[in-house]
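Structure first, commentary second.
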Amino acid sequence: MDTPHTPDAAPGAPGGAAAPGRAAGPIEVVLADDQALVRAAFAMLIGSAPDMAVVGEAATGREAVEAARRARPSLVVMDIRMPELDGIEATRRIAADPALSGVRVLVLTTYDTDEHVMEALRAGASGFLVKDTRPAELLEGIRTVAAGDALLSPGPTGRLIARLLSAPAVPSPATGAGAGTAVGGLSARESQVLSLVGRGLNNAEIAATLQLSPLTAKTHVSRVMGKLGARDRAQLVIAAYESGLVRAGEQGTPSA
């Protein structure tokens, strides 16, 4: 993993929102990476943010799970390739533990070479960042995931998912959710919402696109998650690509 550079200045963003079911306060982070120097560099970076605190470190996937159970952090920054238990299985165990339902996982990856990102997202990771991301982007990524949102950049995520889901079984949509296609028991409207989530739109943008109130858009997203058994928006993005509602290169608002 590349060691992050020291930020030029502390980011000016306000403190991250508390994750669902978590009291307001510092974003508590567990760092999981098998390189001690990398953990130390990330710990210094995160410690420089007034709204964050490192509450545990792990050199293996097994230690990451144990640290999550011990500290109950807001999230775990998880390297994929670690000894003993890799980051994918560690993520799966954290996501499957009811006692850790409020703990998010942010995966770090070497984007173009790591073929395990999809597995990590399916296992329950709330998103991923490439290892050479800028320090300020890492801090904002932590805030995003801790607030309960998925950290998935539509461009690189679309290319990655399309490459990993290039099996013939993936259906080819006629015109996407705009055509009223129903997926997995979803209504036509819910399919539209799933398509927009897959394109990277947040609830406010979905509301504006479909001319709904923000609360109605949020309700639709919650219903889609419930019907598809998705843990968070990251898994909705995967579902959008797997169903064929979104294809590589499609971003933003679909054409009418």
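How things are named: the first chain in the structure tokens is A, the next is B, and so on; residues count from 1 in each chain; ligands count from 1 in the order shown.
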
Per-residue nearest contacts of range 172-244 of chain A to range 123-137 of chain A (7 Å; only C-alpha atoms) as a tab-separated table:
```
residue	atom	partner	partner_atom	distance
A:Arg231	CA	A:Gly124	CA	6.7
A:Asp232	CA	A:Ser126	CA	6.7
A:Ala234	CA	A:Ser126	CA	5.4
```

Could you turn the residues from that selection into a file that holds N, CA and C atoms, as a PDB file, in the first residue's frame?
```pdb
ATOM      1  N   ARG A 231     -27.416  -4.291   2.029  1.00  0.00           N
ATOM      2  CA  ARG A 231     -26.983  -3.721   3.312  1.00  0.00           C
ATOM      3  C   ARG A 231     -26.854  -2.202   3.229  1.00  0.00           C
ATOM      4  N   ASP A 232     -26.425  -1.708   2.062  1.00  0.00           N
ATOM      5  CA  ASP A 232     -26.271  -0.273   1.890  1.00  0.00           C
ATOM      6  C   ASP A 232     -26.284   0.063   0.406  1.00  0.00           C
ATOM      7  N   ALA A 234     -23.929   0.759  -1.595  1.00  0.00           N
ATOM      8  CA  ALA A 234     -22.890   0.103  -2.398  1.00  0.00           C
ATOM      9  C   ALA A 234     -23.448  -1.155  -3.048  1.00  0.00           C
TER      10      ALA A 234
END
```

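Close contacts of Leu210 in chain A, defined as residues with an atom at most 10 Å away when counting only C-alpha atoms, with chain neighbours fewer than 2 positions off set aside, comprise Arg189, Gln192, Val193, Leu196, Glu205, Ile206, Ala207, Ala208, Leu212, Ser213, Ala217 and Thr253 of chain A.
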
Atoms to include: N, CA, C and O atoms. Write the selected residues as a PDB file, in the first residue's frame.
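Printed below is out_36.pdb as written:
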```pdb
ATOM      1  N   ARG A 189     -41.204   2.330 -10.725  1.00  0.00           N
ATOM      2  CA  ARG A 189     -40.607   3.486 -10.070  1.00  0.00           C
ATOM      3  C   ARG A 189     -39.379   3.089  -9.273  1.00  0.00           C
ATOM      4  O   ARG A 189     -38.353   3.764  -9.299  1.00  0.00           O
ATOM      5  N   GLN A 192     -36.507   2.603 -11.484  1.00  0.00           N
ATOM      6  CA  GLN A 192     -35.926   3.895 -11.852  1.00  0.00           C
ATOM      7  C   GLN A 192     -34.983   4.384 -10.754  1.00  0.00           C
ATOM      8  O   GLN A 192     -33.885   4.866 -11.030  1.00  0.00           O
ATOM      9  N   VAL A 193     -35.435   4.266  -9.529  1.00  0.00           N
ATOM     10  CA  VAL A 193     -34.616   4.701  -8.393  1.00  0.00           C
ATOM     11  C   VAL A 193     -33.332   3.892  -8.330  1.00  0.00           C
ATOM     12  O   VAL A 193     -32.235   4.447  -8.145  1.00  0.00           O
ATOM     13  N   LEU A 196     -30.886   5.096 -10.902  1.00  0.00           N
ATOM     14  CA  LEU A 196     -30.245   6.366 -10.551  1.00  0.00           C
ATOM     15  C   LEU A 196     -29.217   6.193  -9.441  1.00  0.00           C
ATOM     16  O   LEU A 196     -28.165   6.842  -9.452  1.00  0.00           O
ATOM     17  N   GLU A 205     -30.612  14.332  -5.477  1.00  0.00           N
ATOM     18  CA  GLU A 205     -30.546  14.329  -6.941  1.00  0.00           C
ATOM     19  C   GLU A 205     -31.605  13.408  -7.538  1.00  0.00           C
ATOM     20  O   GLU A 205     -32.186  13.708  -8.581  1.00  0.00           O
ATOM     21  N   ILE A 206     -31.862  12.285  -6.871  1.00  0.00           N
ATOM     22  CA  ILE A 206     -32.922  11.382  -7.329  1.00  0.00           C
ATOM     23  C   ILE A 206     -34.274  12.084  -7.244  1.00  0.00           C
ATOM     24  O   ILE A 206     -35.101  12.009  -8.161  1.00  0.00           O
ATOM     25  N   ALA A 207     -34.492  12.797  -6.138  1.00  0.00           N
ATOM     26  CA  ALA A 207     -35.748  13.520  -5.961  1.00  0.00           C
ATOM     27  C   ALA A 207     -35.947  14.552  -7.070  1.00  0.00           C
ATOM     28  O   ALA A 207     -37.034  14.663  -7.650  1.00  0.00           O
ATOM     29  N   ALA A 208     -34.892  15.294  -7.380  1.00  0.00           N
ATOM     30  CA  ALA A 208     -34.993  16.316  -8.428  1.00  0.00           C
ATOM     31  C   ALA A 208     -35.230  15.687  -9.796  1.00  0.00           C
ATOM     32  O   ALA A 208     -36.031  16.181 -10.596  1.00  0.00           O
ATOM     33  N   LEU A 212     -39.746  14.247  -7.192  1.00  0.00           N
ATOM     34  CA  LEU A 212     -40.302  13.741  -5.946  1.00  0.00           C
ATOM     35  C   LEU A 212     -39.819  14.609  -4.797  1.00  0.00           C
ATOM     36  O   LEU A 212     -38.878  15.391  -4.945  1.00  0.00           O
ATOM     37  N   SER A 213     -40.444  14.470  -3.655  1.00  0.00           N
ATOM     38  CA  SER A 213     -39.910  15.126  -2.470  1.00  0.00           C
ATOM     39  C   SER A 213     -38.700  14.335  -1.995  1.00  0.00           C
ATOM     40  O   SER A 213     -38.607  13.119  -2.245  1.00  0.00           O
ATOM     41  N   ALA A 217     -38.117  10.191  -2.073  1.00  0.00           N
ATOM     42  CA  ALA A 217     -36.966   9.548  -2.716  1.00  0.00           C
ATOM     43  C   ALA A 217     -36.242   8.655  -1.713  1.00  0.00           C
ATOM     44  O   ALA A 217     -35.869   7.515  -2.034  1.00  0.00           O
ATOM     45  N   THR A 253     -28.000  11.505 -14.943  1.00  0.00           N
ATOM     46  CA  THR A 253     -29.394  11.299 -15.229  1.00  0.00           C
ATOM     47  C   THR A 253     -29.585  10.564 -16.540  1.00  0.00           C
ATOM     48  O   THR A 253     -29.021  10.959 -17.559  1.00  0.00           O
TER      49      THR A 253
END
```

Point to revise | All residues 8 Å or closer to Pro83 in chain A, only C-alpha atoms, same chain fewer than 4 positions away omitted, as a PyMOL selection string | key: chain A and resi 34+59-61

If you keep all heavy atoms, can you produce a file of those selected residues as a PDB file, in the first residue's frame?
```
ATOM      1  N   ASP A  34      -1.311  -4.609   6.863  1.00  0.00           N
ATOM      2  CA  ASP A  34      -0.227  -5.435   7.391  1.00  0.00           C
ATOM      3  C   ASP A  34       1.100  -4.700   7.480  1.00  0.00           C
ATOM      4  O   ASP A  34       2.076  -5.249   7.980  1.00  0.00           O
ATOM      5  CB  ASP A  34      -0.064  -6.715   6.563  1.00  0.00           C
ATOM      6  CG  ASP A  34       0.261  -6.442   5.110  1.00  0.00           C
ATOM      7  OD1 ASP A  34       0.066  -5.292   4.660  1.00  0.00           O
ATOM      8  OD2 ASP A  34       0.697  -7.374   4.413  1.00  0.00           O
ATOM      9  N   ALA A  59      -3.062  -5.812  12.002  1.00  0.00           N
ATOM     10  CA  ALA A  59      -2.094  -6.197  10.984  1.00  0.00           C
ATOM     11  C   ALA A  59      -2.581  -7.375  10.143  1.00  0.00           C
ATOM     12  O   ALA A  59      -1.962  -7.720   9.146  1.00  0.00           O
ATOM     13  CB  ALA A  59      -0.759  -6.545  11.633  1.00  0.00           C
ATOM     14  N   THR A  60      -3.681  -8.004  10.569  1.00  0.00           N
ATOM     15  CA  THR A  60      -4.261  -9.124   9.819  1.00  0.00           C
ATOM     16  C   THR A  60      -5.773  -8.957   9.776  1.00  0.00           C
ATOM     17  O   THR A  60      -6.355  -8.191  10.554  1.00  0.00           O
ATOM     18  CB  THR A  60      -3.934 -10.483  10.473  1.00  0.00           C
ATOM     19  OG1 THR A  60      -4.685 -10.594  11.705  1.00  0.00           O
ATOM     20  CG2 THR A  60      -2.449 -10.611  10.779  1.00  0.00           C
ATOM     21  N   GLY A  61      -6.407  -9.713   8.893  1.00  0.00           N
ATOM     22  CA  GLY A  61      -7.854  -9.662   8.831  1.00  0.00           C
ATOM     23  C   GLY A  61      -8.495 -10.144  10.107  1.00  0.00           C
ATOM     24  O   GLY A  61      -9.503  -9.588  10.565  1.00  0.00           O
TER      25      GLY A  61
END
```

Exercise for review: Give me the residues within 12 Å of Gln235 in chain A as a count of residues only, counting only C-alpha atoms and dropping any in the same chain fewer than 3 places off.
Suggested key: 32

Review point. Expressed in Å to a single decimal, how great is the separation between CA of Thr216 in chain A and CA of Gly185 in chain A?
Key: 19.2 Å

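Across the structure, CA of Arg62 in chain A and CA of Glu28 in chain A are spaced 19.1 Å apart.
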
Practice item. Could you please determine the separation between CA of Ala95 in chain A and CA of Ala204 in chain A in Å, to one decimal place? Key: 27.1 Å
